[in-house]
Amino acid sequence: MRILITAGPTREPIDAVRFISNRSSGKMGIAIAEAAVSAGHDVTLLLGPVMVHASLHDTMRVYRFGSSAELKQLLEAHFHDCDVLVMAAAVADYRMERAVEGKIKREGGADRDADLTLRLQPTPDLVAAVASTKRAEQKVVAFALEESAELEARAVAKMKRKGVDAVVANPLGTMDGEHVTAVWLLADGGREEPGRMTKPDFAAWLVGRLSGL
Ligand code: CTP
């Protein structure tokens with residue numbers, strides 16, 4: 001199978017030197033990409049601004065993105081060539097309405113302690129946009145990071161809203177951690193809970209599930 005995987009956070013520029021981002025380490029998506037190569041799949045990884053600690057399999061194609069706009073362009077370029085998209089990237093929900101040119105300066109004089117307000121606008125929902133263009137044989141998997149209470153109900157609602165085939169639902173603590181306690185939810189009502197696992201172990205388990213979609 002040709003598997004397209006996104007991983008890591010986005011960085012939404014505020015000005016020439018600052019950005020809005022999140023704590024995603026990219027570890028989950030990178031582990032899925034590695035597990036998919038090990039299982040013999042053809043893998044393309046769209047990777048955000050994270051440190052990569054071990055060398056990646058040299059058979060996988062890797063493209064780097066910074067902002068959600070860059071990730072959107074990469075998805076548009078690569079989605080039609082995949083059988084499954086695994087959208088593990090932590091895409092920012094908001095970005096600046098207009099990024100500031102140059103650097104925002106702290107005003108001098110009497111206004112030095114004045115508040116600064118940033119005007120943000122929602123980013124487009126990238127996975128929903130690609131899912132709406134998918135061919136019948138293509139499958140899309142989203143991730144959902146939710147408060148533990150109502151985790152599954154929220155993840156199922158998200159899966160329907162985004163029009164994807166499956167969701168990996170994780171409690172909030174997963175981001176930036178070494179382990180996952182995920183629930184695998186399918187649009188046809190299927191549900192599996194493999195228990196607490198390391199990210200590489202969960203990645204191998206998940207890659208096995210992708211073939212069955
Ligand atoms: N996602 C996306 N584009 C966005 C935001 C999120 O494609 N602008 C994708 C993520 O890659 C992930 C899934 O949507 O696969 C769920 O992301 P999450 O942030 O949990 O959901 P949101 O749609 O942002 O909903 P909410 O913030 O209300 O939980």
# chains A, B, ... in the order shown; residues from 1 in each chain; ligands from 1
>>> residues_near_ligand(ligand="ligand 1", cutoff="7 Å", atoms="only C-alpha atoms and all ligand atoms", output="ChimeraX atom specification")
/A:87-93,123-128,142-146,158
>>> select_by_dssp(residues="region 11-181 of chain A", states="strand (DSSP E or B)", output="PDB file with C-alpha atoms, in the first residue's frame")
ATOM      1  CA  GLU A  12       1.891  29.786  12.296  1.00  0.00           C
ATOM      2  CA  PRO A  13       3.959  32.985  11.932  1.00  0.00           C
ATOM      3  CA  PHE A  19       5.077  31.852  15.808  1.00  0.00           C
ATOM      4  CA  ILE A  20       2.107  30.030  17.345  1.00  0.00           C
ATOM      5  CA  ASP A  42       5.513   2.575   0.234  1.00  0.00           C
ATOM      6  CA  VAL A  43       5.688   5.561   2.593  1.00  0.00           C
ATOM      7  CA  THR A  44       5.636   9.329   2.162  1.00  0.00           C
ATOM      8  CA  LEU A  45       6.062  11.363   5.354  1.00  0.00           C
ATOM      9  CA  LEU A  46       5.067  15.027   5.592  1.00  0.00           C
ATOM     10  CA  LEU A  47       7.010  16.197   8.627  1.00  0.00           C
ATOM     11  CA  ARG A  61      10.158  10.049   1.032  1.00  0.00           C
ATOM     12  CA  VAL A  62      10.210  12.938   3.500  1.00  0.00           C
ATOM     13  CA  TYR A  63       8.922  16.468   2.837  1.00  0.00           C
ATOM     14  CA  ARG A  64       9.127  19.146   5.506  1.00  0.00           C
ATOM     15  CA  VAL A  84      -4.266   5.646   2.888  1.00  0.00           C
ATOM     16  CA  LEU A  85      -3.648   9.014   4.556  1.00  0.00           C
ATOM     17  CA  VAL A  86      -2.801   8.966   8.269  1.00  0.00           C
ATOM     18  CA  MET A  87      -3.219  12.506   9.552  1.00  0.00           C
ATOM     19  CA  ALA A  90      -1.117  18.553  15.146  1.00  0.00           C
ATOM     20  CA  TYR A  94      -5.879  29.344  14.558  1.00  0.00           C
ATOM     21  CA  ARG A  95      -3.395  31.527  12.749  1.00  0.00           C
ATOM     22  CA  MET A  96      -2.861  35.277  12.451  1.00  0.00           C
ATOM     23  CA  LEU A 120      -6.493  35.189  14.871  1.00  0.00           C
ATOM     24  CA  GLN A 121      -8.616  33.412  12.312  1.00  0.00           C
ATOM     25  CA  PRO A 122      -9.439  29.685  12.099  1.00  0.00           C
ATOM     26  CA  LYS A 139      -9.002   5.750   3.081  1.00  0.00           C
ATOM     27  CA  VAL A 140      -8.360   8.583   5.524  1.00  0.00           C
ATOM     28  CA  VAL A 141      -7.471   8.225   9.200  1.00  0.00           C
ATOM     29  CA  ALA A 142      -7.602  11.225  11.546  1.00  0.00           C
ATOM     30  CA  PHE A 143      -6.359  11.642  15.096  1.00  0.00           C
ATOM     31  CA  ALA A 144      -8.389  13.141  17.913  1.00  0.00           C
ATOM     32  CA  LEU A 145      -6.930  14.494  21.125  1.00  0.00           C
ATOM     33  CA  GLU A 146      -9.679  14.855  23.721  1.00  0.00           C
ATOM     34  CA  ALA A 166     -11.335   5.980  11.107  1.00  0.00           C
ATOM     35  CA  VAL A 167     -10.064   7.931  14.093  1.00  0.00           C
ATOM     36  CA  VAL A 168      -7.317   7.262  16.619  1.00  0.00           C
ATOM     37  CA  ALA A 169      -8.698   8.819  19.811  1.00  0.00           C
ATOM     38  CA  ASN A 170      -6.188   9.770  22.490  1.00  0.00           C
ATOM     39  CA  PRO A 171      -6.522  11.437  25.885  1.00  0.00           C
ATOM     40  CA  HIS A 179       3.101   6.095  25.530  1.00  0.00           C
ATOM     41  CA  VAL A 180      -0.394   5.995  24.052  1.00  0.00           C
TER      42      VAL A 180
END
>>> atom_distance(atom1="CA of Ala136 (chain A)", atom2="CA of Ser38 (chain A)")
26.7 Å
>>> residues_around(residues="region 130-134 of chain A", least_positions_apart="6", cutoff="8 Å", atoms="only C-alpha atoms", output="ChimeraX atom specification")
/A:75-76,79-80,140,162-164
>>> write_last_selection(atoms="N, CA and C atoms", output="compact mmCIF listing (two decimals), in the first residue's frame")
# COMPACT_ATOMS: atom_id res chain seq x y z
N LEU A 75 -0.17 18.33 1.02
CA LEU A 75 -1.27 17.36 0.94
C LEU A 75 -1.90 17.39 -0.45
N GLU A 76 -2.08 18.60 -0.97
CA GLU A 76 -2.68 18.73 -2.30
C GLU A 76 -1.80 18.07 -3.36
N PHE A 79 -1.74 13.73 -1.96
CA PHE A 79 -2.87 12.89 -1.54
C PHE A 79 -3.36 11.96 -2.65
N HIS A 80 -3.40 12.46 -3.90
CA HIS A 80 -3.98 11.62 -4.95
C HIS A 80 -3.12 10.38 -5.25
N VAL A 140 -8.96 7.49 4.75
CA VAL A 140 -8.36 8.58 5.52
C VAL A 140 -8.55 8.31 7.01
N LYS A 162 -15.60 15.30 9.95
CA LYS A 162 -14.48 15.41 9.00
C LYS A 162 -14.64 14.46 7.82
N GLY A 163 -15.59 13.54 7.88
CA GLY A 163 -15.82 12.62 6.77
C GLY A 163 -14.68 11.63 6.56
N VAL A 164 -14.04 11.18 7.67
CA VAL A 164 -12.92 10.25 7.56
C VAL A 164 -13.38 8.82 7.88
>>> residues_around(residues="region 201-206 of chain A", least_positions_apart="3", cutoff="7 Å", atoms="only C-alpha atoms", output="PyMOL selection string")
chain A and resi 31-32+35+197-198+209-210
>>> residues_around(residues="Leu186 (chain A)", least_positions_apart="2", cutoff="8 Å", atoms="only C-alpha atoms", output="count of residues only")
8
>>> residues_around(residues="Val100 (chain A)", least_positions_apart="2", cutoff="12 Å", atoms="only C-alpha atoms", output="list in words")
Glu12, Pro13, Ile14, Asp15, Ala16, Val17, Arg18, Phe19, Arg95, Met96, Glu97, Arg98, Gly102, Lys103, Ile104, Lys105, Leu118 and Arg119 of chain A
>>> write_last_selection(atoms="N, CA and C atoms", output="short mmCIF file (atom, residue, chain, number, x, y, z; two decimals), in the first residue's frame")
data_model
loop_
_atom_site.label_atom_id
_atom_site.label_comp_id
_atom_site.auth_asym_id
_atom_site.auth_seq_id
_atom_site.Cartn_x
_atom_site.Cartn_y
_atom_site.Cartn_z
N GLU A 12 2.60 28.71 12.99
CA GLU A 12 1.89 29.79 12.30
C GLU A 12 2.58 31.10 12.63
N PRO A 13 3.18 31.78 11.63
CA PRO A 13 3.96 32.98 11.93
C PRO A 13 3.12 34.11 12.54
N ILE A 14 3.68 34.76 13.55
CA ILE A 14 3.08 35.98 14.11
C ILE A 14 3.75 37.18 13.43
N ASP A 15 5.10 37.14 13.40
CA ASP A 15 5.88 38.15 12.67
C ASP A 15 7.11 37.42 12.12
N ALA A 16 8.15 38.16 11.79
CA ALA A 16 9.30 37.52 11.14
C ALA A 16 10.05 36.55 12.06
N VAL A 17 9.87 36.68 13.37
CA VAL A 17 10.65 35.83 14.29
C VAL A 17 9.81 35.02 15.27
N ARG A 18 8.51 35.26 15.33
CA ARG A 18 7.67 34.57 16.32
C ARG A 18 6.60 33.72 15.64
N PHE A 19 6.13 32.70 16.39
CA PHE A 19 5.08 31.85 15.81
C PHE A 19 4.19 31.28 16.90
N ARG A 95 -4.61 30.85 13.20
CA ARG A 95 -3.40 31.53 12.75
C ARG A 95 -3.70 33.02 12.71
N MET A 96 -2.66 33.83 12.52
CA MET A 96 -2.86 35.28 12.45
C MET A 96 -3.74 35.63 11.26
N GLU A 97 -4.63 36.58 11.47
CA GLU A 97 -5.42 37.06 10.34
C GLU A 97 -4.46 37.61 9.28
N ARG A 98 -3.45 38.34 9.74
CA ARG A 98 -2.38 38.81 8.87
C ARG A 98 -1.08 38.80 9.67
N GLY A 102 8.17 42.13 9.32
CA GLY A 102 9.22 42.55 10.25
C GLY A 102 8.92 42.02 11.63
N LYS A 103 9.35 42.76 12.66
CA LYS A 103 9.25 42.27 14.04
C LYS A 103 8.37 43.21 14.87
N ILE A 104 7.43 42.62 15.62
CA ILE A 104 6.61 43.45 16.51
C ILE A 104 7.53 44.01 17.59
N LYS A 105 7.50 45.34 17.79
CA LYS A 105 8.39 45.96 18.79
C LYS A 105 7.59 46.37 20.01
N LEU A 118 -3.56 40.07 19.47
CA LEU A 118 -3.34 39.43 18.18
C LEU A 118 -4.69 38.99 17.63
N ARG A 119 -4.97 39.31 16.40
CA ARG A 119 -6.24 38.87 15.78
C ARG A 119 -5.99 37.57 15.04
#
>>> select_by_dssp(residues="region 17-174 of chain A", states="helix (DSSP H, G or I)", output="tab-separated table (two decimals) with N, CA and C atoms, in the first residue's frame")
chain	number	residue	atom	x	y	z
A	27	LYS	N	6.51	12.28	17.32
A	27	LYS	CA	6.96	10.89	17.56
A	27	LYS	C	5.97	9.85	17.07
A	28	MET	N	4.68	10.11	17.29
A	28	MET	CA	3.67	9.13	16.89
A	28	MET	C	3.68	8.95	15.37
A	29	GLY	N	3.63	10.07	14.65
A	29	GLY	CA	3.59	9.97	13.18
A	29	GLY	C	4.87	9.37	12.62
A	30	ILE	N	6.02	9.74	13.19
A	30	ILE	CA	7.30	9.18	12.72
A	30	ILE	C	7.31	7.67	12.98
A	31	ALA	N	6.82	7.26	14.16
A	31	ALA	CA	6.79	5.82	14.49
A	31	ALA	C	5.88	5.08	13.51
A	32	ILE	N	4.77	5.69	13.11
A	32	ILE	CA	3.86	5.04	12.15
A	32	ILE	C	4.56	4.90	10.80
A	33	ALA	N	5.28	5.95	10.40
A	33	ALA	CA	5.99	5.90	9.12
A	33	ALA	C	7.04	4.79	9.14
A	34	GLU	N	7.79	4.68	10.23
A	34	GLU	CA	8.82	3.64	10.35
A	34	GLU	C	8.19	2.25	10.34
A	35	ALA	N	7.09	2.10	11.08
A	35	ALA	CA	6.42	0.79	11.15
A	35	ALA	C	5.87	0.41	9.78
A	36	ALA	N	5.37	1.41	9.04
A	36	ALA	CA	4.79	1.13	7.73
A	36	ALA	C	5.88	0.68	6.75
A	37	VAL	N	7.06	1.31	6.81
A	37	VAL	CA	8.16	0.87	5.95
A	37	VAL	C	8.56	-0.56	6.32
A	38	SER	N	8.69	-0.82	7.63
A	38	SER	CA	9.08	-2.17	8.08
A	38	SER	C	8.09	-3.23	7.62
A	68	SER	N	0.60	25.60	8.51
A	68	SER	CA	-0.52	24.79	8.01
A	68	SER	C	-0.74	25.05	6.52
A	69	ALA	N	-0.41	26.27	6.05
A	69	ALA	CA	-0.55	26.56	4.62
A	69	ALA	C	0.44	25.70	3.81
A	70	GLU	N	1.66	25.52	4.33
A	70	GLU	CA	2.64	24.66	3.63
A	70	GLU	C	2.19	23.20	3.65
A	71	LEU	N	1.65	22.76	4.79
A	71	LEU	CA	1.16	21.38	4.88
A	71	LEU	C	0.00	21.18	3.89
A	72	LYS	N	-0.86	22.17	3.78
A	72	LYS	CA	-1.99	22.10	2.84
A	72	LYS	C	-1.47	21.87	1.41
A	73	GLN	N	-0.45	22.64	1.03
A	73	GLN	CA	0.13	22.50	-0.32
A	73	GLN	C	0.70	21.10	-0.54
A	74	LEU	N	1.41	20.57	0.47
A	74	LEU	CA	2.00	19.23	0.34
A	74	LEU	C	0.91	18.17	0.23
A	75	LEU	N	-0.17	18.33	1.02
A	75	LEU	CA	-1.27	17.36	0.94
A	75	LEU	C	-1.90	17.39	-0.45
A	76	GLU	N	-2.08	18.60	-0.97
A	76	GLU	CA	-2.68	18.73	-2.30
A	76	GLU	C	-1.80	18.07	-3.36
A	77	ALA	N	-0.48	18.12	-3.15
A	77	ALA	CA	0.44	17.53	-4.12
A	77	ALA	C	0.51	16.01	-4.00
A	78	HIS	N	0.33	15.45	-2.80
A	78	HIS	CA	0.61	14.03	-2.61
A	78	HIS	C	-0.60	13.15	-2.32
A	79	PHE	N	-1.74	13.73	-1.96
A	79	PHE	CA	-2.87	12.89	-1.54
A	79	PHE	C	-3.36	11.96	-2.65
A	80	HIS	N	-3.40	12.46	-3.90
A	80	HIS	CA	-3.98	11.62	-4.95
A	80	HIS	C	-3.12	10.38	-5.25
A	81	ASP	N	-1.86	10.37	-4.80
A	81	ASP	CA	-0.98	9.22	-5.05
A	81	ASP	C	-0.96	8.23	-3.89
A	109	GLY	N	8.52	54.53	25.95
A	109	GLY	CA	7.83	55.60	26.66
A	109	GLY	C	6.66	55.12	27.50
A	110	ALA	N	5.61	55.91	27.57
A	110	ALA	CA	4.49	55.67	28.47
A	110	ALA	C	3.71	54.41	28.10
A	111	ASP	N	3.79	54.00	26.83
A	111	ASP	CA	2.99	52.86	26.38
A	111	ASP	C	3.70	51.52	26.54
A	112	ARG	N	4.85	51.52	27.24
A	112	ARG	CA	5.66	50.29	27.30
A	112	ARG	C	4.91	49.11	27.89
A	113	ASP	N	3.96	49.38	28.78
A	113	ASP	CA	3.21	48.28	29.39
A	113	ASP	C	1.83	48.08	28.77
A	126	LEU	N	-7.76	20.74	7.27
A	126	LEU	CA	-7.05	20.11	6.16
A	126	LEU	C	-7.52	18.69	5.89
A	127	VAL	N	-7.71	17.91	6.96
A	127	VAL	CA	-8.08	16.51	6.74
A	127	VAL	C	-9.50	16.42	6.19
A	128	ALA	N	-10.39	17.30	6.65
A	128	ALA	CA	-11.76	17.31	6.12
A	128	ALA	C	-11.74	17.68	4.64
A	129	ALA	N	-10.88	18.64	4.28
A	129	ALA	CA	-10.81	19.07	2.88
A	129	ALA	C	-10.33	17.93	1.98
A	130	VAL	N	-9.27	17.22	2.36
A	130	VAL	CA	-8.81	16.13	1.49
A	130	VAL	C	-9.79	14.97	1.51
A	131	ALA	N	-10.40	14.70	2.67
A	131	ALA	CA	-11.36	13.58	2.74
A	131	ALA	C	-12.53	13.81	1.79
A	151	LEU	N	-14.29	11.09	25.75
A	151	LEU	CA	-13.29	10.91	24.69
A	151	LEU	C	-13.89	10.28	23.43
A	152	GLU	N	-14.59	9.17	23.63
A	152	GLU	CA	-15.08	8.45	22.44
A	152	GLU	C	-16.22	9.18	21.75
A	153	ALA	N	-17.14	9.73	22.53
A	153	ALA	CA	-18.27	10.44	21.92
A	153	ALA	C	-17.76	11.62	21.08
A	154	ARG	N	-16.80	12.34	21.61
A	154	ARG	CA	-16.24	13.48	20.88
A	154	ARG	C	-15.50	13.02	19.64
A	155	ALA	N	-14.73	11.93	19.77
A	155	ALA	CA	-13.95	11.43	18.63
A	155	ALA	C	-14.87	10.93	17.53
A	156	VAL	N	-15.97	10.27	17.89
A	156	VAL	CA	-16.93	9.79	16.88
A	156	VAL	C	-17.56	10.98	16.17
A	157	ALA	N	-17.92	12.01	16.92
A	157	ALA	CA	-18.51	13.21	16.31
A	157	ALA	C	-17.51	13.86	15.35
A	158	LYS	N	-16.24	13.88	15.76
A	158	LYS	CA	-15.18	14.47	14.92
A	158	LYS	C	-15.01	13.66	13.64
A	159	MET	N	-15.04	12.34	13.76
A	159	MET	CA	-14.89	11.45	12.59
A	159	MET	C	-16.00	11.74	11.58
A	160	LYS	N	-17.22	11.91	12.07
A	160	LYS	CA	-18.35	12.18	11.16
A	160	LYS	C	-18.20	13.56	10.54
A	161	ARG	N	-17.85	14.55	11.38
A	161	ARG	CA	-17.74	15.93	10.89
A	161	ARG	C	-16.69	16.04	9.79
A	162	LYS	N	-15.60	15.30	9.95
A	162	LYS	CA	-14.48	15.41	9.00
A	162	LYS	C	-14.64	14.46	7.82
A	172	LEU	N	-5.68	13.68	26.37
A	172	LEU	CA	-4.79	14.83	26.20
A	172	LEU	C	-3.32	14.57	26.53
A	173	GLY	N	-3.06	13.76	27.56
A	173	GLY	CA	-1.68	13.54	28.02
A	173	GLY	C	-0.78	12.90	26.98
A	174	THR	N	-1.34	12.39	25.89
A	174	THR	CA	-0.55	11.67	24.88
A	174	THR	C	0.46	12.57	24.20
>>> closest_residue(among="A:Gly177, A:Gly40, A:Pro49, A:Pro194", to="Ser21 (chain A)", atoms="only C-alpha atoms")
A:Pro49
>>> atom_distance(atom1="CA of Ala187 (chain A)", atom2="CA of Ala39 (chain A)")
24.6 Å
>>> decode(residues="region 68-91 of chain A", atoms="N, CA and C atoms", output="PDB file, in the first residue's frame")
ATOM      1  N   SER A  68       0.601  25.605   8.512  1.00  0.00           N
ATOM      2  CA  SER A  68      -0.521  24.795   8.009  1.00  0.00           C
ATOM      3  C   SER A  68      -0.736  25.052   6.521  1.00  0.00           C
ATOM      4  N   ALA A  69      -0.406  26.266   6.051  1.00  0.00           N
ATOM      5  CA  ALA A  69      -0.547  26.561   4.617  1.00  0.00           C
ATOM      6  C   ALA A  69       0.443  25.703   3.805  1.00  0.00           C
ATOM      7  N   GLU A  70       1.659  25.523   4.329  1.00  0.00           N
ATOM      8  CA  GLU A  70       2.637  24.662   3.632  1.00  0.00           C
ATOM      9  C   GLU A  70       2.190  23.196   3.649  1.00  0.00           C
ATOM     10  N   LEU A  71       1.646  22.756   4.793  1.00  0.00           N
ATOM     11  CA  LEU A  71       1.156  21.378   4.879  1.00  0.00           C
ATOM     12  C   LEU A  71      -0.002  21.177   3.888  1.00  0.00           C
ATOM     13  N   LYS A  72      -0.860  22.173   3.779  1.00  0.00           N
ATOM     14  CA  LYS A  72      -1.988  22.095   2.836  1.00  0.00           C
ATOM     15  C   LYS A  72      -1.472  21.874   1.408  1.00  0.00           C
ATOM     16  N   GLN A  73      -0.448  22.639   1.032  1.00  0.00           N
ATOM     17  CA  GLN A  73       0.127  22.497  -0.324  1.00  0.00           C
ATOM     18  C   GLN A  73       0.697  21.098  -0.540  1.00  0.00           C
ATOM     19  N   LEU A  74       1.409  20.574   0.474  1.00  0.00           N
ATOM     20  CA  LEU A  74       1.998  19.234   0.341  1.00  0.00           C
ATOM     21  C   LEU A  74       0.908  18.171   0.227  1.00  0.00           C
ATOM     22  N   LEU A  75      -0.167  18.328   1.017  1.00  0.00           N
ATOM     23  CA  LEU A  75      -1.274  17.359   0.940  1.00  0.00           C
ATOM     24  C   LEU A  75      -1.899  17.394  -0.451  1.00  0.00           C
ATOM     25  N   GLU A  76      -2.082  18.604  -0.967  1.00  0.00           N
ATOM     26  CA  GLU A  76      -2.683  18.726  -2.304  1.00  0.00           C
ATOM     27  C   GLU A  76      -1.797  18.071  -3.360  1.00  0.00           C
ATOM     28  N   ALA A  77      -0.481  18.119  -3.148  1.00  0.00           N
ATOM     29  CA  ALA A  77       0.444  17.529  -4.122  1.00  0.00           C
ATOM     30  C   ALA A  77       0.513  16.007  -4.003  1.00  0.00           C
ATOM     31  N   HIS A  78       0.325  15.451  -2.801  1.00  0.00           N
ATOM     32  CA  HIS A  78       0.606  14.025  -2.607  1.00  0.00           C
ATOM     33  C   HIS A  78      -0.604  13.148  -2.323  1.00  0.00           C
ATOM     34  N   PHE A  79      -1.743  13.734  -1.962  1.00  0.00           N
ATOM     35  CA  PHE A  79      -2.873  12.888  -1.544  1.00  0.00           C
ATOM     36  C   PHE A  79      -3.359  11.957  -2.645  1.00  0.00           C
ATOM     37  N   HIS A  80      -3.405  12.461  -3.897  1.00  0.00           N
ATOM     38  CA  HIS A  80      -3.978  11.615  -4.954  1.00  0.00           C
ATOM     39  C   HIS A  80      -3.120  10.382  -5.252  1.00  0.00           C
ATOM     40  N   ASP A  81      -1.859  10.371  -4.800  1.00  0.00           N
ATOM     41  CA  ASP A  81      -0.984   9.225  -5.046  1.00  0.00           C
ATOM     42  C   ASP A  81      -0.957   8.228  -3.893  1.00  0.00           C
ATOM     43  N   CYS A  82      -1.850   8.348  -2.926  1.00  0.00           N
ATOM     44  CA  CYS A  82      -1.792   7.411  -1.792  1.00  0.00           C
ATOM     45  C   CYS A  82      -3.052   6.560  -1.722  1.00  0.00           C
ATOM     46  N   ASP A  83      -2.926   5.420  -1.040  1.00  0.00           N
ATOM     47  CA  ASP A  83      -4.095   4.576  -0.774  1.00  0.00           C
ATOM     48  C   ASP A  83      -4.684   4.922   0.590  1.00  0.00           C
ATOM     49  N   VAL A  84      -3.811   5.277   1.542  1.00  0.00           N
ATOM     50  CA  VAL A  84      -4.266   5.646   2.888  1.00  0.00           C
ATOM     51  C   VAL A  84      -3.522   6.898   3.345  1.00  0.00           C
ATOM     52  N   LEU A  85      -4.258   7.850   3.890  1.00  0.00           N
ATOM     53  CA  LEU A  85      -3.648   9.014   4.556  1.00  0.00           C
ATOM     54  C   LEU A  85      -3.829   8.858   6.062  1.00  0.00           C
ATOM     55  N   VAL A  86      -2.736   8.978   6.803  1.00  0.00           N
ATOM     56  CA  VAL A  86      -2.801   8.966   8.269  1.00  0.00           C
ATOM     57  C   VAL A  86      -2.421  10.355   8.752  1.00  0.00           C
ATOM     58  N   MET A  87      -3.398  11.084   9.253  1.00  0.00           N
ATOM     59  CA  MET A  87      -3.219  12.506   9.552  1.00  0.00           C
ATOM     60  C   MET A  87      -2.890  12.687  11.040  1.00  0.00           C
ATOM     61  N   ALA A  88      -1.622  12.413  11.370  1.00  0.00           N
ATOM     62  CA  ALA A  88      -1.202  12.515  12.773  1.00  0.00           C
ATOM     63  C   ALA A  88      -0.677  13.905  13.125  1.00  0.00           C
ATOM     64  N   ALA A  89      -0.526  14.790  12.138  1.00  0.00           N
ATOM     65  CA  ALA A  89       0.007  16.133  12.434  1.00  0.00           C
ATOM     66  C   ALA A  89      -0.933  16.898  13.353  1.00  0.00           C
ATOM     67  N   ALA A  90      -0.341  17.692  14.239  1.00  0.00           N
ATOM     68  CA  ALA A  90      -1.117  18.553  15.146  1.00  0.00           C
ATOM     69  C   ALA A  90      -1.215  19.930  14.491  1.00  0.00           C
ATOM     70  N   VAL A  91      -2.235  20.071  13.652  1.00  0.00           N
ATOM     71  CA  VAL A  91      -2.403  21.311  12.888  1.00  0.00           C
ATOM     72  C   VAL A  91      -2.983  22.392  13.801  1.00  0.00           C
TER      73      VAL A  91
END
